[in-house]
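J.: Structure: upload_3.pdb, PDB, C-alpha atoms.
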```pdb
ATOM      1  CA  MET A   1     -24.760 -74.090  37.201
ATOM      2  CA  ALA A   2     -22.518 -72.709  39.920
ATOM      3  CA  THR A   3     -21.184 -74.893  42.705
ATOM      4  CA  SER A   4     -23.019 -74.884  45.989
ATOM      5  CA  ALA A   5     -22.202 -72.063  48.377
ATOM      6  CA  LYS A   6     -21.638 -72.648  52.049
ATOM      7  CA  LYS A   7     -24.337 -71.681  54.519
ATOM      8  CA  GLY A   8     -22.351 -68.658  55.670
ATOM      9  CA  GLU A   9     -22.400 -67.160  52.194
ATOM     10  CA  LEU A  10     -26.198 -66.950  52.146
ATOM     11  CA  PRO A  11     -27.948 -63.776  53.368
ATOM     12  CA  ARG A  12     -29.286 -64.539  56.848
ATOM     13  CA  LYS A  13     -28.438 -61.410  58.865
ATOM     14  CA  GLU A  14     -31.069 -58.691  58.998
ATOM     15  CA  ALA A  15     -29.525 -55.511  57.596
ATOM     16  CA  THR A  16     -32.504 -53.135  57.410
ATOM     17  CA  VAL A  17     -36.225 -53.070  58.120
ATOM     18  CA  LEU A  18     -38.287 -50.827  55.833
ATOM     19  CA  LYS A  19     -41.449 -49.611  57.550
ATOM     20  CA  GLY A  20     -44.144 -47.380  56.091
ATOM     21  CA  HIS A  21     -46.775 -49.579  54.505
ATOM     22  CA  GLU A  22     -50.043 -49.860  56.398
ATOM     23  CA  GLY A  23     -51.051 -53.506  56.310
ATOM     24  CA  SER A  24     -49.686 -56.361  54.215
ATOM     25  CA  VAL A  25     -46.812 -55.783  51.810
ATOM     26  CA  LEU A  26     -47.652 -57.947  48.789
ATOM     27  CA  ALA A  27     -44.449 -57.624  46.740
ATOM     28  CA  VAL A  28     -40.935 -56.211  46.863
ATOM     29  CA  ARG A  29     -38.581 -55.954  43.884
ATOM     30  CA  PHE A  30     -34.998 -54.809  43.486
ATOM     31  CA  ASN A  31     -34.522 -52.534  40.493
ATOM     32  CA  GLY A  32     -32.222 -53.677  37.673
ATOM     33  CA  ASN A  33     -28.905 -52.776  39.317
ATOM     34  CA  GLY A  34     -29.980 -53.602  42.865
ATOM     35  CA  ASN A  35     -29.418 -50.084  44.238
ATOM     36  CA  TYR A  36     -33.104 -49.396  44.903
ATOM     37  CA  CYS A  37     -36.291 -51.338  45.466
ATOM     38  CA  LEU A  38     -40.025 -50.975  45.019
ATOM     39  CA  SER A  39     -42.699 -52.370  47.295
ATOM     40  CA  CYS A  40     -46.477 -52.443  47.055
ATOM     41  CA  GLY A  41     -49.341 -53.568  49.210
ATOM     42  CA  LYS A  42     -52.779 -53.548  50.763
ATOM     43  CA  ASP A  43     -52.548 -49.818  51.512
ATOM     44  CA  ARG A  44     -52.934 -49.100  47.734
ATOM     45  CA  THR A  45     -49.463 -47.588  47.445
ATOM     46  CA  VAL A  46     -46.204 -48.290  45.661
ATOM     47  CA  ARG A  47     -43.102 -47.170  47.558
ATOM     48  CA  LEU A  48     -39.564 -46.513  46.347
ATOM     49  CA  TRP A  49     -36.698 -47.133  48.780
ATOM     50  CA  ASN A  50     -32.957 -47.185  49.073
ATOM     51  CA  PRO A  51     -32.849 -50.403  51.118
ATOM     52  CA  HIS A  52     -29.068 -50.224  51.631
ATOM     53  CA  ARG A  53     -29.480 -47.001  53.586
ATOM     54  CA  GLY A  54     -32.949 -47.790  54.919
ATOM     55  CA  ILE A  55     -34.395 -44.683  53.284
ATOM     56  CA  HIS A  56     -37.916 -44.206  51.918
ATOM     57  CA  ILE A  57     -37.677 -42.025  48.795
ATOM     58  CA  LYS A  58     -41.173 -41.697  47.328
ATOM     59  CA  THR A  59     -44.744 -42.985  47.538
ATOM     60  CA  TYR A  60     -46.897 -43.527  44.444
ATOM     61  CA  LYS A  61     -50.629 -43.184  45.145
ATOM     62  CA  SER A  62     -53.355 -43.608  42.566
ATOM     63  CA  HIS A  63     -54.587 -47.180  42.771
ATOM     64  CA  GLY A  64     -58.130 -47.626  44.076
ATOM     65  CA  ARG A  65     -57.493 -51.057  45.607
ATOM     66  CA  GLU A  66     -54.544 -53.117  46.863
ATOM     67  CA  VAL A  67     -51.403 -53.166  44.691
ATOM     68  CA  ARG A  68     -50.246 -56.707  43.958
ATOM     69  CA  ASP A  69     -47.177 -56.312  41.782
ATOM     70  CA  VAL A  70     -44.706 -53.711  40.556
ATOM     71  CA  HIS A  71     -41.812 -53.679  38.085
ATOM     72  CA  THR A  72     -39.318 -51.009  37.051
ATOM     73  CA  SER A  73     -38.005 -50.293  33.551
ATOM     74  CA  PRO A  74     -34.330 -51.113  32.805
ATOM     75  CA  ASP A  75     -33.406 -47.392  32.801
ATOM     76  CA  ASN A  76     -35.299 -46.815  36.108
ATOM     77  CA  SER A  77     -37.358 -43.983  34.610
ATOM     78  CA  LYS A  78     -40.736 -45.749  34.537
ATOM     79  CA  LEU A  79     -42.603 -48.234  36.643
ATOM     80  CA  ILE A  80     -45.701 -50.353  36.232
ATOM     81  CA  SER A  81     -48.049 -51.624  38.896
ATOM     82  CA  CYS A  82     -51.256 -53.628  39.069
ATOM     83  CA  GLY A  83     -53.790 -54.924  41.534
ATOM     84  CA  GLY A  84     -57.341 -55.106  42.762
ATOM     85  CA  ASP A  85     -58.683 -52.194  40.716
ATOM     86  CA  ARG A  86     -58.239 -54.229  37.492
ATOM     87  CA  GLN A  87     -55.922 -51.669  35.903
ATOM     88  CA  VAL A  88     -52.262 -51.546  34.958
ATOM     89  CA  PHE A  89     -50.685 -48.217  35.924
ATOM     90  CA  TYR A  90     -47.726 -46.851  33.948
ATOM     91  CA  TRP A  91     -45.839 -44.252  36.026
ATOM     92  CA  ASP A  92     -43.079 -41.702  35.629
ATOM     93  CA  VAL A  93     -40.707 -42.516  38.498
ATOM     94  CA  GLU A  94     -39.299 -39.041  39.075
ATOM     95  CA  SER A  95     -42.495 -36.973  39.009
ATOM     96  CA  GLY A  96     -44.741 -39.688  40.449
ATOM     97  CA  ARG A  97     -47.247 -38.975  37.668
ATOM     98  CA  VAL A  98     -49.396 -41.706  36.122
ATOM     99  CA  ILE A  99     -48.627 -41.573  32.384
ATOM    100  CA  ARG A 100     -51.298 -44.085  31.412
ATOM    101  CA  LYS A 101     -53.783 -46.562  32.836
ATOM    102  CA  PHE A 102     -54.266 -49.715  30.814
ATOM    103  CA  ARG A 103     -57.817 -51.006  31.230
ATOM    104  CA  GLY A 104     -59.171 -54.280  29.924
ATOM    105  CA  HIS A 105     -58.767 -56.971  32.542
ATOM    106  CA  ASP A 106     -62.178 -58.030  33.889
ATOM    107  CA  SER A 107     -60.872 -58.762  37.370
ATOM    108  CA  GLU A 108     -57.880 -58.267  39.682
ATOM    109  CA  VAL A 109     -54.453 -58.141  38.017
ATOM    110  CA  ASN A 110     -51.849 -60.339  39.718
ATOM    111  CA  SER A 111     -48.572 -59.776  37.882
ATOM    112  CA  VAL A 112     -46.861 -57.251  35.588
ATOM    113  CA  LYS A 113     -43.552 -57.124  33.713
ATOM    114  CA  PHE A 114     -41.837 -54.779  31.264
ATOM    115  CA  ASN A 115     -40.147 -56.267  28.221
ATOM    116  CA  GLU A 116     -36.406 -55.600  27.866
ATOM    117  CA  PHE A 117     -36.959 -52.284  26.024
ATOM    118  CA  ALA A 118     -39.766 -51.137  28.362
ATOM    119  CA  SER A 119     -41.862 -50.623  25.243
ATOM    120  CA  VAL A 120     -44.376 -53.342  26.087
ATOM    121  CA  VAL A 121     -45.988 -54.353  29.374
ATOM    122  CA  ILE A 122     -47.337 -57.853  30.010
ATOM    123  CA  SER A 123     -49.999 -58.403  32.678
ATOM    124  CA  ALA A 124     -51.706 -61.489  34.090
ATOM    125  CA  GLY A 125     -55.037 -61.616  35.856
ATOM    126  CA  TYR A 126     -57.850 -63.409  37.610
ATOM    127  CA  ASP A 127     -59.850 -63.151  34.373
ATOM    128  CA  GLN A 128     -57.741 -66.096  33.081
ATOM    129  CA  SER A 129     -55.901 -63.892  30.583
ATOM    130  CA  VAL A 130     -52.467 -62.505  29.837
ATOM    131  CA  ARG A 131     -52.484 -59.146  28.063
ATOM    132  CA  ALA A 132     -49.808 -57.125  26.272
ATOM    133  CA  TRP A 133     -49.899 -53.321  26.220
ATOM    134  CA  ASP A 134     -47.893 -50.872  24.105
ATOM    135  CA  CYS A 135     -46.348 -48.143  26.262
ATOM    136  CA  ARG A 136     -45.570 -45.948  23.251
ATOM    137  CA  SER A 137     -49.093 -45.940  21.877
ATOM    138  CA  HIS A 138     -51.820 -43.677  23.253
ATOM    139  CA  SER A 139     -54.322 -46.493  22.929
ATOM    140  CA  THR A 140     -55.384 -48.095  26.184
ATOM    141  CA  GLU A 141     -56.434 -51.284  24.349
ATOM    142  CA  PRO A 142     -54.185 -54.356  24.611
ATOM    143  CA  ILE A 143     -52.115 -55.268  21.552
ATOM    144  CA  GLN A 144     -52.470 -58.959  22.370
ATOM    145  CA  ILE A 145     -54.659 -61.154  24.582
ATOM    146  CA  ILE A 146     -53.792 -64.740  25.501
ATOM    147  CA  ASP A 147     -56.809 -66.538  26.948
ATOM    148  CA  THR A 148     -56.042 -70.256  26.724
ATOM    149  CA  PHE A 149     -55.874 -70.612  30.532
ATOM    150  CA  THR A 150     -58.771 -72.224  32.385
ATOM    151  CA  ASP A 151     -58.188 -70.438  35.721
ATOM    152  CA  SER A 152     -56.546 -67.350  37.214
ATOM    153  CA  VAL A 153     -53.099 -66.429  35.846
ATOM    154  CA  MET A 154     -50.813 -65.599  38.761
ATOM    155  CA  SER A 155     -47.353 -64.807  37.408
ATOM    156  CA  VAL A 156     -45.494 -63.889  34.203
ATOM    157  CA  CYS A 157     -41.868 -64.020  33.015
ATOM    158  CA  LEU A 158     -40.473 -62.729  29.735
ATOM    159  CA  THR A 159     -37.615 -63.656  27.440
ATOM    160  CA  LYS A 160     -36.695 -61.840  24.223
ATOM    161  CA  SER A 161     -39.295 -63.768  22.243
ATOM    162  CA  GLU A 162     -41.522 -65.523  24.762
ATOM    163  CA  ILE A 163     -44.156 -64.885  27.394
ATOM    164  CA  ILE A 164     -44.183 -67.519  30.148
ATOM    165  CA  ALA A 165     -47.075 -67.638  32.594
ATOM    166  CA  GLY A 166     -48.148 -69.753  35.555
ATOM    167  CA  SER A 167     -51.784 -70.406  36.406
ATOM    168  CA  VAL A 168     -54.029 -71.835  39.104
ATOM    169  CA  ASP A 169     -55.127 -74.312  36.393
ATOM    170  CA  GLY A 170     -51.836 -76.113  37.144
ATOM    171  CA  THR A 171     -50.025 -75.150  33.964
ATOM    172  CA  VAL A 172     -46.970 -73.169  33.001
ATOM    173  CA  ARG A 173     -47.514 -71.975  29.439
ATOM    174  CA  THR A 174     -44.858 -70.610  27.096
ATOM    175  CA  PHE A 175     -45.955 -68.446  24.183
ATOM    176  CA  ASP A 176     -43.490 -67.924  21.379
ATOM    177  CA  ILE A 177     -44.467 -64.461  20.179
ATOM    178  CA  ARG A 178     -42.621 -64.682  16.817
ATOM    179  CA  MET A 179     -43.848 -68.170  15.913
ATOM    180  CA  GLY A 180     -47.297 -67.851  17.455
ATOM    181  CA  ARG A 181     -46.768 -71.209  19.212
ATOM    182  CA  GLU A 182     -47.881 -72.301  22.680
ATOM    183  CA  MET A 183     -46.187 -74.950  24.825
ATOM    184  CA  VAL A 184     -47.947 -76.280  27.920
ATOM    185  CA  ASP A 185     -46.332 -77.927  30.941
ATOM    186  CA  ASP A 186     -48.970 -79.337  33.297
ATOM    187  CA  LEU A 187     -47.695 -79.564  36.879
ATOM    188  CA  GLY A 188     -50.927 -80.977  38.262
ATOM    189  CA  HIS A 189     -51.069 -78.443  41.116
ATOM    190  CA  PRO A 190     -52.098 -74.755  41.159
ATOM    191  CA  VAL A 191     -49.134 -72.497  40.278
ATOM    192  CA  ASN A 192     -48.967 -69.219  42.206
ATOM    193  CA  CYS A 193     -45.554 -67.893  41.118
ATOM    194  CA  ILE A 194     -42.927 -68.556  38.467
ATOM    195  CA  SER A 195     -39.412 -67.222  38.027
ATOM    196  CA  MET A 196     -36.594 -67.926  35.627
ATOM    197  CA  SER A 197     -33.059 -69.091  36.353
ATOM    198  CA  ASN A 198     -30.394 -66.496  35.585
ATOM    199  CA  ASP A 199     -28.991 -68.649  32.782
ATOM    200  CA  GLY A 200     -32.460 -68.765  31.210
ATOM    201  CA  ASN A 201     -32.546 -72.571  31.059
ATOM    202  CA  CYS A 202     -35.045 -73.317  33.824
ATOM    203  CA  ILE A 203     -38.362 -72.158  35.233
ATOM    204  CA  LEU A 204     -39.030 -72.383  38.947
ATOM    205  CA  ALA A 205     -42.721 -72.750  39.795
ATOM    206  CA  SER A 206     -44.241 -72.377  43.248
ATOM    207  CA  CYS A 207     -47.271 -74.632  43.643
ATOM    208  CA  LEU A 208     -50.027 -74.606  46.249
ATOM    209  CA  ASP A 209     -49.165 -78.112  47.457
ATOM    210  CA  SER A 210     -46.222 -76.545  49.340
ATOM    211  CA  THR A 211     -43.760 -77.597  46.650
ATOM    212  CA  LEU A 212     -41.434 -75.648  44.359
ATOM    213  CA  ARG A 213     -40.821 -77.353  41.007
ATOM    214  CA  LEU A 214     -37.882 -76.767  38.659
ATOM    215  CA  LEU A 215     -38.592 -77.284  34.954
ATOM    216  CA  ASP A 216     -36.173 -77.546  32.047
ATOM    217  CA  ARG A 217     -37.370 -74.873  29.615
ATOM    218  CA  SER A 218     -36.422 -76.688  26.418
ATOM    219  CA  SER A 219     -37.739 -80.155  27.265
ATOM    220  CA  GLY A 220     -40.376 -79.384  29.911
ATOM    221  CA  GLU A 221     -38.759 -82.065  32.083
ATOM    222  CA  LEU A 222     -39.308 -81.831  35.840
ATOM    223  CA  LEU A 223     -35.742 -81.527  37.154
ATOM    224  CA  GLN A 224     -36.313 -81.233  40.897
ATOM    225  CA  GLU A 225     -38.825 -80.558  43.684
ATOM    226  CA  TYR A 226     -38.188 -78.487  46.827
ATOM    227  CA  LYS A 227     -40.232 -78.964  50.012
ATOM    228  CA  GLY A 228     -40.376 -78.070  53.697
ATOM    229  CA  HIS A 229     -42.097 -74.691  53.543
ATOM    230  CA  ILE A 230     -45.845 -74.022  53.790
ATOM    231  CA  CYS A 231     -47.566 -72.640  50.695
ATOM    232  CA  LYS A 232     -51.261 -73.470  50.520
ATOM    233  CA  SER A 233     -53.303 -70.311  50.219
ATOM    234  CA  PHE A 234     -51.131 -67.247  49.491
ATOM    235  CA  LYS A 235     -49.414 -65.870  46.408
ATOM    236  CA  MET A 236     -45.766 -66.161  47.417
ATOM    237  CA  ASP A 237     -42.619 -65.534  45.402
ATOM    238  CA  CYS A 238     -39.756 -67.891  44.785
ATOM    239  CA  CYS A 239     -36.497 -67.332  42.929
ATOM    240  CA  LEU A 240     -32.991 -68.592  42.322
ATOM    241  CA  THR A 241     -30.005 -66.878  43.896
ATOM    242  CA  ASN A 242     -27.913 -64.818  41.474
ATOM    243  CA  SER A 243     -25.419 -67.670  41.035
ATOM    244  CA  ASP A 244     -28.236 -70.181  40.303
ATOM    245  CA  ALA A 245     -26.716 -72.398  43.036
ATOM    246  CA  HIS A 246     -29.679 -72.138  45.405
ATOM    247  CA  ILE A 247     -33.436 -71.854  45.377
ATOM    248  CA  THR A 248     -35.080 -69.483  47.834
ATOM    249  CA  GLY A 249     -38.646 -68.799  48.873
ATOM    250  CA  GLY A 250     -40.859 -67.838  51.757
ATOM    251  CA  SER A 251     -43.306 -69.739  53.890
ATOM    252  CA  GLU A 252     -46.709 -69.000  55.375
ATOM    253  CA  ASP A 253     -45.188 -69.347  58.870
ATOM    254  CA  GLY A 254     -42.845 -66.373  58.282
ATOM    255  CA  SER A 255     -39.746 -68.431  57.459
ATOM    256  CA  ILE A 256     -37.302 -68.129  54.563
ATOM    257  CA  TYR A 257     -35.878 -71.296  53.032
ATOM    258  CA  PHE A 258     -32.761 -71.905  50.945
ATOM    259  CA  TRP A 259     -32.445 -75.192  49.080
ATOM    260  CA  ASP A 260     -29.512 -76.664  47.214
ATOM    261  CA  LEU A 261     -30.407 -76.465  43.517
ATOM    262  CA  VAL A 262     -29.124 -79.917  42.636
ATOM    263  CA  ASP A 263     -30.022 -82.198  45.538
ATOM    264  CA  ALA A 264     -32.963 -80.141  46.909
ATOM    265  CA  SER A 265     -31.744 -80.340  50.515
ATOM    266  CA  VAL A 266     -32.680 -77.465  52.843
ATOM    267  CA  ILE A 267     -29.376 -75.602  53.321
ATOM    268  CA  LEU A 268     -30.759 -72.815  55.500
ATOM    269  CA  LYS A 269     -34.048 -71.900  57.130
ATOM    270  CA  PHE A 270     -34.741 -68.955  59.412
ATOM    271  CA  ARG A 271     -37.688 -66.991  60.765
ATOM    272  CA  ALA A 272     -37.722 -63.724  58.830
ATOM    273  CA  HIS A 273     -41.156 -62.272  59.584
ATOM    274  CA  ALA A 274     -43.979 -62.424  62.108
ATOM    275  CA  SER A 275     -46.408 -63.570  59.424
ATOM    276  CA  VAL A 276     -46.657 -64.914  55.838
ATOM    277  CA  VAL A 277     -43.690 -64.077  53.593
ATOM    278  CA  THR A 278     -45.282 -62.744  50.404
ATOM    279  CA  SER A 279     -42.225 -61.908  48.363
ATOM    280  CA  VAL A 280     -38.508 -62.547  47.904
ATOM    281  CA  SER A 281     -36.155 -60.608  45.635
ATOM    282  CA  TYR A 282     -32.493 -61.508  45.222
ATOM    283  CA  HIS A 283     -29.857 -58.862  44.472
ATOM    284  CA  PRO A 284     -28.505 -59.130  40.892
ATOM    285  CA  LYS A 285     -24.837 -59.193  41.997
ATOM    286  CA  ASP A 286     -24.411 -59.373  45.784
ATOM    287  CA  ASN A 287     -25.373 -61.979  48.401
ATOM    288  CA  CYS A 288     -28.275 -59.873  49.554
ATOM    289  CA  MET A 289     -32.028 -60.319  49.418
ATOM    290  CA  LEU A 290     -35.283 -58.555  50.187
ATOM    291  CA  THR A 291     -38.368 -60.095  51.758
ATOM    292  CA  SER A 292     -41.855 -58.698  52.339
ATOM    293  CA  SER A 293     -44.658 -59.884  54.540
ATOM    294  CA  VAL A 294     -48.242 -59.684  55.695
ATOM    295  CA  ASP A 295     -46.636 -58.249  58.876
ATOM    296  CA  GLY A 296     -46.300 -54.902  57.037
ATOM    297  CA  THR A 297     -42.514 -54.813  56.718
ATOM    298  CA  VAL A 298     -39.852 -55.203  54.048
ATOM    299  CA  ARG A 299     -36.542 -56.600  55.294
ATOM    300  CA  MET A 300     -33.130 -56.749  53.717
ATOM    301  CA  TRP A 301     -30.812 -59.649  54.504
ATOM    302  CA  LYS A 302     -27.043 -59.872  54.057
ATOM    303  CA  THR A 303     -24.347 -62.434  54.818
TER     304      THR A 303
END
```
How does this structure look as structure tokens?
T.:
Amino acid sequence: MATSAKKGELPRKEATVLKGHEGSVLAVRFNGNGNYCLSCGKDRTVRLWNPHRGIHIKTYKSHGREVRDVHTSPDNSKLISCGGDRQVFYWDVESGRVIRKFRGHDSEVNSVKFNEFASVVISAGYDQSVRAWDCRSHSTEPIQIIDTFTDSVMSVCLTKSEIIAGSVDGTVRTFDIRMGREMVDDLGHPVNCISMSNDGNCILASCLDSTLRLLDRSSGELLQEYKGHICKSFKMDCCLTNSDAHITGGSEDGSIYFWDLVDASVILKFRAHASVVTSVSYHPKDNCMLTSSVDGTVRMWKT
């Protein structure tokens, strides 16, 4: 893990404000190289931006309800989105056309991710299931369903051979796709977001007792807990900075927090939004991050 950065090296200066969504923005994501970003929200749209220039590029409209999550393929040619209409939409980025709608979840879909080849999409939903869909097939049926959860599944991460998911049932579950094995880490508190460290060794889980928990992926050991923020009733992102030296996440009071990875001290806290921070996305290379909020804006922060 990298050595701790000084406070001045963390993104705390507002660089751009992206306005256009009507109502809450529920997620914002940098694309793979960090040049563009996608946002989605209550207004049923997905929007593509160049956040570095503050430019709105395109709006994707087809969802019938709020859009809760979005992810772009590694080559930036496709995107997937999900939300309240229970469907996973597979889009062509350039034309804005919906290539396919994957139907099968019985309730709202909370989280979506492409695999590394963008050949498979994984989705997680309120119906207590994780589903895998084949983008190359014309079938709209899932190729796999994981339904061992006992409550809503809020968030998914992928490695080359595993699906990792966090649930309101208090567990983070790892499914080894090749071996057909499941490992369960019970955190004892509802999990509303998970993300992986850049070195792939740890999972960061946001829990609804206003605590972020860092887990060792191989042993399941609880390495550290991060507190100070408010997270009791909203789905809110958390992530590690691109050096893995700090943990960052939002708060229901509109603040952004940075914690030291190792000793869990709050290194930096600032008011970023007028309302709940729903999402954080850290740039893959630069000290730069995006935040989104119930206040209807996406903001980019730099050092």
J.: Could you state which residues are captured by the PyMOL selection byres ((chain A and resi 118-135) around 6) in this file, as a count of residues only?
T.: 25
J.: Could you state the separation of CA of Arg173 in chain A and CA of Cys193 in chain A in Å, given to one decimal place?
T.: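 Distance between the two atoms: 12.5 Å.
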J.: Find the spatial neighbours of Arg47 in chain A, counting all atoms listed in the file, within a cut-off of 9 Å - ignore same-chain residues fewer than 3 positions away - and output them as a CSV table (one decimal) with C-alpha atoms, in the frame of the given file.
T.:
```
chain,number,residue,atom,x,y,z
A,20,GLY,CA,-44.1,-47.4,56.1
A,21,HIS,CA,-46.8,-49.6,54.5
A,37,CYS,CA,-36.3,-51.3,45.5
A,38,LEU,CA,-40.0,-51.0,45.0
A,39,SER,CA,-42.7,-52.4,47.3
A,40,CYS,CA,-46.5,-52.4,47.1
A,56,HIS,CA,-37.9,-44.2,51.9
A,57,ILE,CA,-37.7,-42.0,48.8
A,58,LYS,CA,-41.2,-41.7,47.3
A,59,THR,CA,-44.7,-43.0,47.5
A,60,TYR,CA,-46.9,-43.5,44.4
A,61,LYS,CA,-50.6,-43.2,45.1
```
J.: Find, counting all atoms listed in the file, the residue in A:His105, A:Leu10, A:Thr150, A:Phe30 that gets nearest to Ser243 in chain A.
T.: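 Using all atoms listed in the file, Ser243 in chain A sits closest to A:Leu10.
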J.: Do you know which residues are at most 10 Å from Ser265 in chain A counting all atoms listed in the file, after dropping those on the same chain fewer than 6 positions away, and could you put them as an MDAnalysis selection string?
T.: chainID A and resid 225:228 246 258:259
J.: Would you translate the PyMOL selection byres ((chain A and resi 46) around 12) into the concrete set of residues it matches in this file, as a ChimeraX atom specification?
T.: /A:20-22,25-29,37-45,47-49,56-63,65-72,79-83,89-91,93,96
J.: Counting all atoms listed in the file, which residues have an atom no more than 9 Å from (-43.1, -66.2, 31.2) in the file's coordinates? Please list them as a list in words.
T.: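 Returned residue set, sorted by chain then number, is Ser155, Val156, Cys157, Leu158, Thr159, Glu162, Ile163, Ile164, Ala165, Gly166, Val172, Arg173, Thr174, Phe175, Ile194, Ser195, Met196 and Ile203 of chain A.
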J.: Would you mind listing what lies within 9 Å of range 208-224 of chain A as number ranges by chain, with all atoms listed in the file counted and same-chain residues fewer than 4 positions away left out?
T.: A: 168, 174, 183-185, 187, 189-192, 200-204, 228-235, 238, 247, 249, 251, 261-264
J.: Let me see the file: selected residues, C-alpha atoms, as an mmCIF file, in the coordinates of the input.
T.:
```cif
data_model
loop_
_atom_site.group_PDB
_atom_site.id
_atom_site.type_symbol
_atom_site.label_atom_id
_atom_site.label_comp_id
_atom_site.auth_asym_id
_atom_site.auth_seq_id
_atom_site.Cartn_x
_atom_site.Cartn_y
_atom_site.Cartn_z
ATOM 1 C CA VAL A 168 -54.029 -71.835 39.104
ATOM 2 C CA THR A 174 -44.858 -70.610 27.096
ATOM 3 C CA MET A 183 -46.187 -74.950 24.825
ATOM 4 C CA VAL A 184 -47.947 -76.280 27.920
ATOM 5 C CA ASP A 185 -46.332 -77.927 30.941
ATOM 6 C CA LEU A 187 -47.695 -79.564 36.879
ATOM 7 C CA HIS A 189 -51.069 -78.443 41.116
ATOM 8 C CA PRO A 190 -52.098 -74.755 41.159
ATOM 9 C CA VAL A 191 -49.134 -72.497 40.278
ATOM 10 C CA ASN A 192 -48.967 -69.219 42.206
ATOM 11 C CA GLY A 200 -32.460 -68.765 31.210
ATOM 12 C CA ASN A 201 -32.546 -72.571 31.059
ATOM 13 C CA CYS A 202 -35.045 -73.317 33.824
ATOM 14 C CA ILE A 203 -38.362 -72.158 35.233
ATOM 15 C CA LEU A 204 -39.030 -72.383 38.947
ATOM 16 C CA GLY A 228 -40.376 -78.070 53.697
ATOM 17 C CA HIS A 229 -42.097 -74.691 53.543
ATOM 18 C CA ILE A 230 -45.845 -74.022 53.790
ATOM 19 C CA CYS A 231 -47.566 -72.640 50.695
ATOM 20 C CA LYS A 232 -51.261 -73.470 50.520
ATOM 21 C CA SER A 233 -53.303 -70.311 50.219
ATOM 22 C CA PHE A 234 -51.131 -67.247 49.491
ATOM 23 C CA LYS A 235 -49.414 -65.870 46.408
ATOM 24 C CA CYS A 238 -39.756 -67.891 44.785
ATOM 25 C CA ILE A 247 -33.436 -71.854 45.377
ATOM 26 C CA GLY A 249 -38.646 -68.799 48.873
ATOM 27 C CA SER A 251 -43.306 -69.739 53.890
ATOM 28 C CA LEU A 261 -30.407 -76.465 43.517
ATOM 29 C CA VAL A 262 -29.124 -79.917 42.636
ATOM 30 C CA ASP A 263 -30.022 -82.198 45.538
ATOM 31 C CA ALA A 264 -32.963 -80.141 46.909
#
```
J.: If I take CA of Asn198 in chain A and CA of Thr16 in chain A, how far is one from the other in Å, to one decimal?
T.: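 Here the two named atoms are 25.7 Å from each other.
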J.: Taking 4 positions as the minimum chain separation for residues in the same chain, which residues sit within 6 Å of range 287-295 of chain A when counting all atoms listed in the file? Answer as number ranges by chain.
T.: A: 11, 24-25, 274-283, 299-302
J.: Counting all atoms listed in the file, figure out which residue out of A:Arg97, A:Val17, A:Asn76, A:Asn242 gets nearest to His52 in chain A.
T.: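 The shortest atom-to-atom distance to His52 in chain A comes from A:Val17.
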J.: If you measure from CA of Asp186 in chain A to CA of Glu252 in chain A, what distance in Å do you get, rounded to one decimal?
T.: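 Atom-to-atom, CA of Asp186 in chain A to CA of Glu252 in chain A, that is 24.5 Å.
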J.: Using only C-alpha atoms, which protein or nucleic acid residues come within 9 Å of Gly104 in chain A? Drop anything in the same chain fewer than 4 positions from it, and give the result as a list in words.
T.: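 Once the adjacent positions are removed, what remains is Arg86, Gln87, Val88, Arg131, Thr140, Glu141 and Pro142 of chain A.
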J.: Let me make sure I understand: among A:Asp169, A:Glu14, A:Asp75, A:Asp199, which one has the smallest atom-to-atom distance to Asn33 in chain A if we use only C-alpha atoms?
T.: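 Closest candidate: A:Asp75.
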J.: So, counting all atoms listed in the file, which residue among A:Ser167, A:Ser206, A:Thr148, A:Asn50 is closest to Arg181 in chain A?
T.: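 Residue with the minimum atom-to-atom distance to Arg181 in chain A: A:Thr148.
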